[in-house]
file structure.txt (compact mmCIF, C-alpha atoms (C1' of nucleotides))
# COMPACT_ATOMS: atom_id res chain seq x y z
CA MET L 1 -17.68 -5.90 -8.91
CA PRO L 2 -16.45 -2.99 -11.05
CA VAL L 3 -19.24 -0.46 -10.91
CA GLY L 4 -19.30 2.25 -13.53
CA GLU L 5 -16.01 4.05 -13.57
CA PHE L 6 -14.83 2.53 -10.34
CA THR L 7 -12.56 -0.48 -10.32
CA CYS L 8 -12.63 -3.17 -7.72
CA ALA L 9 -9.87 -1.19 -6.08
CA ALA L 10 -12.61 1.20 -5.03
CA ILE L 11 -14.00 -1.49 -2.76
CA LEU L 12 -10.79 -2.88 -1.32
CA PRO L 13 -7.97 -0.59 -2.34
CA VAL L 14 -4.38 -1.36 -1.61
CA PRO L 15 -3.68 1.18 1.08
CA GLU L 16 -1.46 4.05 -0.03
CA LEU L 17 -0.85 7.36 1.67
CA PRO L 18 -4.45 8.70 1.56
CA GLU L 19 -5.97 5.41 2.70
CA VAL L 20 -3.45 5.02 5.50
CA GLU L 21 -4.10 8.63 6.53
CA THR L 22 -7.83 7.94 6.64
CA ILE L 23 -7.38 4.73 8.58
CA ALA L 24 -5.01 6.37 11.07
CA ARG L 25 -7.45 9.23 11.66
CA GLY L 26 -10.31 6.80 12.18
CA LEU L 27 -8.26 4.76 14.62
CA ALA L 28 -7.08 7.85 16.48
CA LYS L 29 -10.71 8.84 17.05
CA ARG L 30 -11.58 5.47 18.43
CA VAL L 31 -8.65 4.19 20.45
CA THR L 32 -6.74 7.25 21.64
CA GLY L 33 -6.57 7.13 25.43
CA ASP L 34 -7.39 3.43 25.59
CA LEU L 35 -5.19 1.06 27.54
CA ILE L 36 -3.80 -2.16 26.06
CA GLU L 37 -4.46 -4.83 28.65
CA SER L 38 -3.19 -7.87 26.85
CA VAL L 39 -1.94 -8.97 23.47
CA TRP L 40 -2.36 -12.13 21.43
CA LEU L 41 -0.05 -12.73 18.50
CA GLY L 42 -0.93 -15.54 16.13
CA SER L 43 0.66 -17.19 13.15
CA LYS L 44 4.36 -17.80 13.59
CA PRO L 45 6.89 -15.28 12.39
CA GLU L 46 5.46 -13.90 9.18
CA PRO L 47 3.92 -10.51 9.84
CA LEU L 48 6.23 -9.75 12.72
CA LYS L 49 9.17 -7.54 12.03
CA SER L 50 10.03 -7.49 15.71
CA PRO L 51 10.13 -10.65 17.84
CA ALA L 52 6.71 -11.50 19.25
CA ALA L 53 7.99 -11.18 22.81
CA ASP L 54 9.26 -7.67 22.10
CA ILE L 55 5.95 -6.60 20.61
CA GLU L 56 4.02 -7.98 23.53
CA ALA L 57 6.35 -6.37 26.06
CA ALA L 58 6.13 -3.01 24.34
CA LEU L 59 2.34 -3.00 24.07
CA VAL L 60 1.00 -4.53 27.27
CA SER L 61 -0.03 -2.03 29.94
CA LYS L 62 0.60 0.91 27.62
CA LYS L 63 -1.85 3.63 26.82
CA ILE L 64 -2.37 4.67 23.22
CA ALA L 65 -1.48 8.36 23.27
CA ASP L 66 -1.94 8.94 19.56
CA VAL L 67 -2.35 7.24 16.20
CA ARG L 68 -1.02 8.83 13.06
CA ARG L 69 0.38 8.16 9.61
CA SER L 70 3.98 8.31 8.43
CA GLY L 71 4.42 7.34 4.79
CA LYS L 72 2.38 4.17 4.48
CA HIS L 73 3.01 3.26 8.10
CA ILE L 74 0.55 3.62 10.95
CA VAL L 75 2.29 4.85 14.10
CA PHE L 76 0.81 4.22 17.55
CA ASP L 77 2.44 6.35 20.27
CA LEU L 78 2.51 4.32 23.46
CA VAL L 79 2.90 5.69 26.96
CA ARG L 80 2.93 4.11 30.36
CA ASN L 81 -0.48 4.60 31.87
CA GLU L 82 0.53 7.19 34.42
CA GLU L 83 2.73 9.20 32.07
CA SER L 84 1.80 12.08 29.82
CA ALA L 85 1.45 11.77 26.08
CA GLN L 86 4.52 13.90 25.49
CA ASN L 87 7.18 11.26 25.70
CA PRO L 88 6.12 7.98 24.13
CA ALA L 89 7.86 5.01 25.72
CA ALA L 90 7.63 3.19 22.42
CA GLN L 91 5.88 3.16 19.09
CA TRP L 92 3.90 0.37 17.53
CA ILE L 93 4.35 0.45 13.77
CA VAL L 94 1.83 -1.21 11.49
CA HIS L 95 2.31 -1.55 7.77
CA LEU L 96 -0.83 -2.84 6.05
CA GLY L 97 0.94 -4.21 2.99
CA MET L 98 -1.69 -4.98 0.37
CA THR L 99 -4.50 -6.54 2.32
CA GLY L 100 -3.89 -5.62 5.96
CA ARG L 101 -6.77 -4.22 8.04
CA LEU L 102 -7.07 -2.96 11.57
CA LEU L 103 -10.45 -3.61 13.13
CA VAL L 104 -11.88 -2.19 16.32
CA CYS L 105 -14.60 -4.54 17.46
CA SER L 106 -16.33 -6.25 20.31
CA PRO L 107 -14.69 -9.41 21.68
CA ASP L 108 -17.86 -11.27 20.65
CA THR L 109 -17.16 -10.65 16.98
CA GLY L 110 -15.99 -13.87 15.37
CA LEU L 111 -12.28 -14.03 14.66
CA GLU L 112 -11.77 -13.45 10.99
CA LYS L 113 -9.57 -15.83 9.08
CA HIS L 114 -5.98 -14.51 8.87
CA THR L 115 -6.17 -12.62 12.14
CA HIS L 116 -2.55 -12.21 13.23
CA ALA L 117 -2.85 -9.99 16.28
CA VAL L 118 -5.47 -9.08 18.87
CA LEU L 119 -5.04 -6.27 21.40
CA ARG L 120 -7.53 -6.33 24.26
CA LEU L 121 -8.37 -2.81 25.36
CA ALA L 122 -9.49 -1.52 28.74
CA SER L 123 -12.61 -0.10 27.09
CA GLY L 124 -13.71 -3.68 26.50
CA ARG L 125 -13.10 -3.64 22.79
CA GLU L 126 -10.43 -5.35 20.75
CA LEU L 127 -8.06 -3.98 18.14
CA ARG L 128 -7.35 -6.70 15.59
CA PHE L 129 -4.88 -6.99 12.76
CA VAL L 130 -6.11 -9.10 9.85
CA ASP L 131 -4.05 -9.71 6.72
CA PRO L 132 -4.77 -12.55 4.28
CA ARG L 133 -1.82 -11.95 1.99
CA ARG L 134 0.58 -11.30 4.82
CA PHE L 135 2.53 -8.53 3.18
CA GLY L 136 1.72 -6.41 6.19
CA ARG L 137 4.23 -5.94 8.99
CA LEU L 138 4.12 -5.26 12.71
CA ALA L 139 7.02 -3.82 14.66
CA VAL L 140 7.86 -1.94 17.81
CA ILE L 141 10.52 0.72 17.86
CA GLU L 142 11.58 3.63 20.04
CA LYS L 143 11.20 6.28 17.42
CA PHE L 144 10.15 5.62 13.85
CA THR L 145 11.79 7.50 11.02
CA PRO L 146 10.28 7.14 7.57
CA PRO L 147 12.73 6.15 4.83
CA GLY L 148 11.83 8.92 2.42
CA ALA L 149 10.34 12.39 2.26
CA GLU L 150 6.68 13.14 2.89
CA PRO L 151 5.12 14.02 -0.48
CA LEU L 152 2.67 16.44 1.15
CA SER L 153 5.30 18.53 2.89
CA ILE L 154 8.42 18.32 0.71
CA SER L 155 9.43 21.61 -0.90
CA PRO L 156 9.39 21.97 -4.69
CA SER L 157 13.17 22.20 -4.85
CA ASP L 158 13.70 19.17 -2.63
CA PHE L 159 11.15 17.33 -4.72
CA ALA L 160 13.13 18.11 -7.88
CA ASN L 161 16.37 17.02 -6.21
CA VAL L 162 14.94 13.64 -5.37
CA PHE L 163 14.95 12.71 -9.05
CA ARG L 164 18.19 14.37 -10.08
CA GLY L 165 20.50 12.03 -11.98
CA ARG L 166 18.20 9.03 -11.72
CA LYS L 167 18.06 6.84 -14.77
CA THR L 168 15.19 4.71 -13.52
CA PRO L 169 11.73 5.35 -15.00
CA ILE L 170 9.92 8.17 -13.21
CA LYS L 171 7.16 5.69 -12.33
CA SER L 172 9.64 3.48 -10.47
CA ALA L 173 11.21 6.48 -8.76
CA LEU L 174 7.79 7.59 -7.48
CA LEU L 175 7.21 4.13 -6.04
CA ASN L 176 10.61 4.03 -4.33
CA GLN L 177 9.82 4.56 -0.65
CA LYS L 178 13.39 5.62 0.09
CA LEU L 179 12.80 8.67 -2.09
CA LEU L 180 9.20 9.52 -1.25
CA SER L 181 7.21 7.77 1.46
CA GLY L 182 3.63 6.84 0.78
CA VAL L 183 3.21 6.88 -3.00
CA GLY L 184 1.88 3.62 -4.41
CA ASN L 185 0.86 2.37 -7.82
CA ILE L 186 -2.46 4.19 -8.13
CA TYR L 187 -1.33 7.67 -7.11
CA ALA L 188 1.90 7.41 -9.08
CA ASP L 189 -0.11 6.85 -12.26
CA GLU L 190 -2.62 9.56 -11.36
CA ALA L 191 0.12 12.09 -10.59
CA LEU L 192 1.94 11.38 -13.86
CA TYR L 193 -1.31 11.88 -15.75
CA ARG L 194 -1.80 15.26 -14.12
CA ALA L 195 1.79 16.20 -14.96
CA LYS L 196 1.37 14.97 -18.55
CA VAL L 197 4.46 12.81 -18.23
CA ARG L 198 4.74 9.23 -19.48
CA PRO L 199 5.61 6.67 -16.80
CA ARG L 200 8.58 5.24 -18.71
CA ARG L 201 10.42 8.55 -18.95
CA ARG L 202 13.79 8.51 -17.19
CA ALA L 203 13.40 10.41 -13.93
CA ALA L 204 16.39 12.63 -14.72
CA SER L 205 14.89 13.62 -18.08
CA LEU L 206 12.01 15.60 -16.60
CA SER L 207 12.24 19.34 -17.12
CA ALA L 208 11.91 21.79 -14.25
CA ASP L 209 8.38 22.55 -15.44
CA GLU L 210 7.44 18.89 -15.54
CA LEU L 211 8.82 18.38 -12.04
CA ARG L 212 6.79 21.32 -10.78
CA LEU L 213 3.66 19.89 -12.39
CA LEU L 214 4.40 16.44 -11.00
CA HIS L 215 4.87 17.78 -7.50
CA LYS L 216 1.68 19.79 -7.76
CA GLY L 217 -0.28 16.94 -9.34
CA LEU L 218 0.89 14.46 -6.73
CA LYS L 219 -0.06 16.73 -3.85
CA GLN L 220 -3.41 17.49 -5.42
CA VAL L 221 -4.39 13.89 -6.01
CA LEU L 222 -3.26 12.80 -2.55
CA GLN L 223 -5.13 15.64 -0.87
CA GLU L 224 -8.23 15.01 -2.92
CA ALA L 225 -8.20 11.34 -1.97
CA ILE L 226 -7.68 12.19 1.71
CA ARG L 227 -10.58 14.62 1.54
CA LEU L 228 -12.88 12.01 0.01
CA GLY L 229 -11.72 9.34 2.43
CA GLY L 230 -11.98 11.60 5.40
CA SER L 231 -15.61 12.38 4.67
CA SER L 232 -16.63 8.79 5.27
CA ILE L 233 -14.82 8.32 8.57
CA SER L 234 -18.04 9.26 10.33
CA ASP L 235 -19.66 6.20 8.77
CA TYR L 236 -17.26 3.84 10.51
CA VAL L 237 -18.94 1.16 12.53
CA ASP L 238 -16.83 -0.85 14.92
CA SER L 239 -17.29 -4.23 13.31
CA GLU L 240 -16.84 -3.01 9.79
CA GLY L 241 -13.26 -1.89 9.85
CA GLN L 242 -12.19 0.63 7.27
CA GLU L 243 -14.66 -0.09 4.51
CA GLY L 244 -15.78 2.30 1.84
CA PHE L 245 -13.46 5.17 2.54
CA PHE L 246 -12.20 5.50 -0.97
CA GLN L 247 -14.22 7.39 -3.55
CA LEU L 248 -11.67 8.98 -5.84
CA LYS L 249 -12.51 8.85 -9.50
CA HIS L 250 -9.41 7.57 -11.23
CA ARG L 251 -8.38 9.24 -14.45
CA VAL L 252 -6.03 6.51 -15.68
CA TYR L 253 -5.54 3.77 -13.09
CA GLY L 254 -7.54 0.67 -13.97
CA ARG L 255 -8.98 2.36 -17.07
CA GLU L 256 -7.13 0.51 -19.83
CA GLY L 257 -8.92 0.97 -23.15
CA LYS L 258 -11.35 3.51 -21.74
CA PRO L 259 -11.35 7.03 -23.15
CA CYS L 260 -9.04 9.63 -21.62
CA ARG L 261 -11.19 12.09 -19.70
CA ARG L 262 -9.30 14.95 -21.32
CA CYS L 263 -8.99 13.91 -24.99
CA GLY L 264 -10.87 10.65 -25.48
CA THR L 265 -7.82 8.64 -26.55
CA PRO L 266 -7.90 5.08 -25.16
CA ILE L 267 -5.82 4.74 -21.99
CA LYS L 268 -2.82 2.43 -22.36
CA ARG L 269 -1.58 -0.10 -19.87
CA ILE L 270 2.06 -1.18 -19.80
CA VAL L 271 4.20 -3.01 -17.27
CA ILE L 272 7.16 -1.23 -15.67
CA ALA L 273 9.32 -3.21 -13.26
CA GLY L 274 6.50 -5.66 -12.85
CA ARG L 275 3.92 -3.01 -12.00
CA SER L 276 0.99 -2.12 -14.20
CA SER L 277 1.15 1.47 -15.36
CA HIS L 278 -1.65 3.41 -17.04
CA TYR L 279 -1.35 6.54 -19.14
CA CYS L 280 -2.86 8.52 -21.97
CA PRO L 281 -0.58 8.21 -25.02
CA LYS L 282 -1.77 11.55 -26.34
CA CYS L 283 -1.82 13.73 -23.22
CA GLN L 284 1.35 12.33 -21.65
CA ARG L 285 4.74 12.80 -23.30
C1' DA J 1 25.83 3.80 -5.40
C1' DC J 2 22.29 2.48 -8.47
C1' DT J 3 19.27 -0.25 -10.99
C1' DA J 4 16.68 -4.31 -12.35
C1' DT J 5 14.74 -8.66 -11.13
C1' DT J 6 12.91 -12.07 -8.11
C1' DT J 7 10.35 -13.49 -4.15
C1' DC J 8 6.89 -13.56 -0.78
C1' DC J 9 1.37 -14.63 -0.29
C1' DT J 10 -3.64 -15.59 -1.05
C1' DG J 11 -8.14 -14.82 -3.14
C1' DG J 12 -10.50 -13.83 -7.06
C1' DA J 13 -10.88 -14.19 -11.98
C1' DT J 14 -10.20 -16.76 -16.01
C1' DG J 15 -9.82 -20.78 -19.02
C1' DC J 16 -10.24 -25.50 -20.46
C1' DT H 1 -18.45 -28.24 -11.97
C1' DG H 2 -13.90 -28.49 -10.93
C1' DC H 3 -9.27 -27.88 -11.28
C1' DA H 4 -5.13 -25.43 -12.89
C1' DT H 5 -3.17 -21.13 -13.97
C1' DC H 6 -2.61 -16.32 -13.82
C1' DC H 7 -2.67 -11.92 -11.74
C1' DA H 8 -2.69 -8.10 -8.25
C1' DG H 9 1.19 -5.42 -5.68
C1' DG H 10 4.59 -3.28 -1.26
C1' DA H 11 8.93 -3.94 -0.08
C1' DA H 12 12.85 -6.77 0.99
C1' DA H 13 16.33 -9.64 -0.96
C1' DT H 14 19.22 -10.75 -4.62
C1' DA H 15 21.87 -10.11 -8.77
C1' DG H 16 24.21 -7.37 -11.95

call {"tool": "encode", "arguments": {"input": "structure.txt", "output": "structure tokens"}}
result
Amino acid sequence: MPVGEFTCAAILPVPELPEVETIARGLAKRVTGDLIESVWLGSKPEPLKSPAADIEAALVSKKIADVRRSGKHIVFDLVRNEESAQNPAAQWIVHLGMTGRLLVCSPDTGLEKHTHAVLRLASGRELRFVDPRRFGRLAVIEKFTPPGAEPLSISPSDFANVFRGRKTPIKSALLNQKLLSGVGNIYADEALYRAKVRPRRRAASLSADELRLLHKGLKQVLQEAIRLGGSSISDYVDSEGQEGFFQLKHRVYGREGKPCRRCGTPIKRIVIAGRSSHYCPKCQR
DNA sequence: ACTATTTCCTGGATGC
DNA sequence: TGCATCCAGGAAATAG
């Protein structure tokens, strides 16, 4: 499956901030204004963070006023049919975990294995949640607040403060959703490469310059990935879900042993807190 | 208050 | 060919 410089993650990436952004935009285009007529929730308790009855009660007879991203969460603003979009009665929160997908399809489409939720829409279509590995989560809440700061809007000084005094490796700090919301394994590695910082460095040991570079590199790589993902939204076909939206050329992630694009040194792979981490031993210090 | 480790879960890849 | 084993990783739970 790996094709050229792309890893298999290019075909079915674990959704991080840019992927979730792309998915939320695609969903917003397709289901905004639609009415949820009924809800089916499968498989016992697993993917449900709220009780099934609560989810059903919150969704049924609500109109989807908006779909957007917050961290790695997809937020559906729900309003009662006759009400305006201004004051959502509730929010449906979807976390895709590693393998979660939201499909908009015709009711005739065969139910995929591991389908955990089906929303029947007034337009005649269905919105389905499929998640083989079941790390994804569904919840309803009045008003969602992300645990950490948005990497795309945090100020440089707030960004620096996030890491102040932290002894944990910078890689782990980047992955900590209570600090920053939305950064996953791929973009953490890619941002550290751009900042020329090794993933094992203690977060607190980064200089002001390195923190500036890390902030800039993180924003750049996230925006680039959103841009590339966004360009393929127009290719969405109802039955296909969110396929093929990811086209970023990784510089380190999944490139163990391959030459650094900057200096040719073989990229190293190490494990930090159980997560694979990739870096250039020459460019990153 | 932090930090590190373990656990959940399944499909795909690998090895014998 | 088939079966066992390993590995991927987001985030919550647990332990220190």

call {"tool": "atom_distance", "arguments": {"input": "structure.txt", "atom1": "atom CA of L:Gln177", "atom2": "atom CA of L:Ala117"}}
result
25.7 Å

call {"tool": "residues_around", "arguments": {"input": "structure.txt", "residues": "L:Pro169", "least_positions_apart": "5", "cutoff": "7 Å", "atoms": "all atoms listed in the file", "output": "short mmCIF file (atom, residue, chain, number, x, y, z; two decimals) with C-alpha atoms, in the coordinates of the input"}}
result
data_model
loop_
_atom_site.label_atom_id
_atom_site.label_comp_id
_atom_site.auth_asym_id
_atom_site.auth_seq_id
_atom_site.Cartn_x
_atom_site.Cartn_y
_atom_site.Cartn_z
CA PRO L 199 5.61 6.67 -16.80
CA ARG L 200 8.58 5.24 -18.71
CA ARG L 201 10.42 8.55 -18.95
CA ARG L 202 13.79 8.51 -17.19
CA ALA L 203 13.40 10.41 -13.93
#

call {"tool": "interface_residues", "arguments": {"input": "structure.txt", "of": "chain L", "to": "chain H", "cutoff": "10 Å", "atoms": "only C-alpha atoms (C1' of nucleotides)", "output": "number ranges by chain"}}
result
L: 14-16, 72, 95-99, 135-136, 175-177, 184-185, 274-276

call {"tool": "atom_distance", "arguments": {"input": "structure.txt", "atom1": "atom CA of L:Ser277", "atom2": "atom CA of L:Arg69"}}
result
25.9 Å

call {"tool": "residues_around", "arguments": {"input": "structure.txt", "residues": "L:Pro147", "least_positions_apart": "3", "cutoff": "9 Å", "atoms": "only C-alpha atoms (C1' of nucleotides)", "output": "list in words"}}
result
Gly71, Gln177, Lys178, Leu179, Leu180 and Ser181 of chain L

call {"tool": "atom_distance", "arguments": {"input": "structure.txt", "atom1": "atom CA of L:Asp209", "atom2": "atom CA of L:Gly254"}}
result
27.1 Å
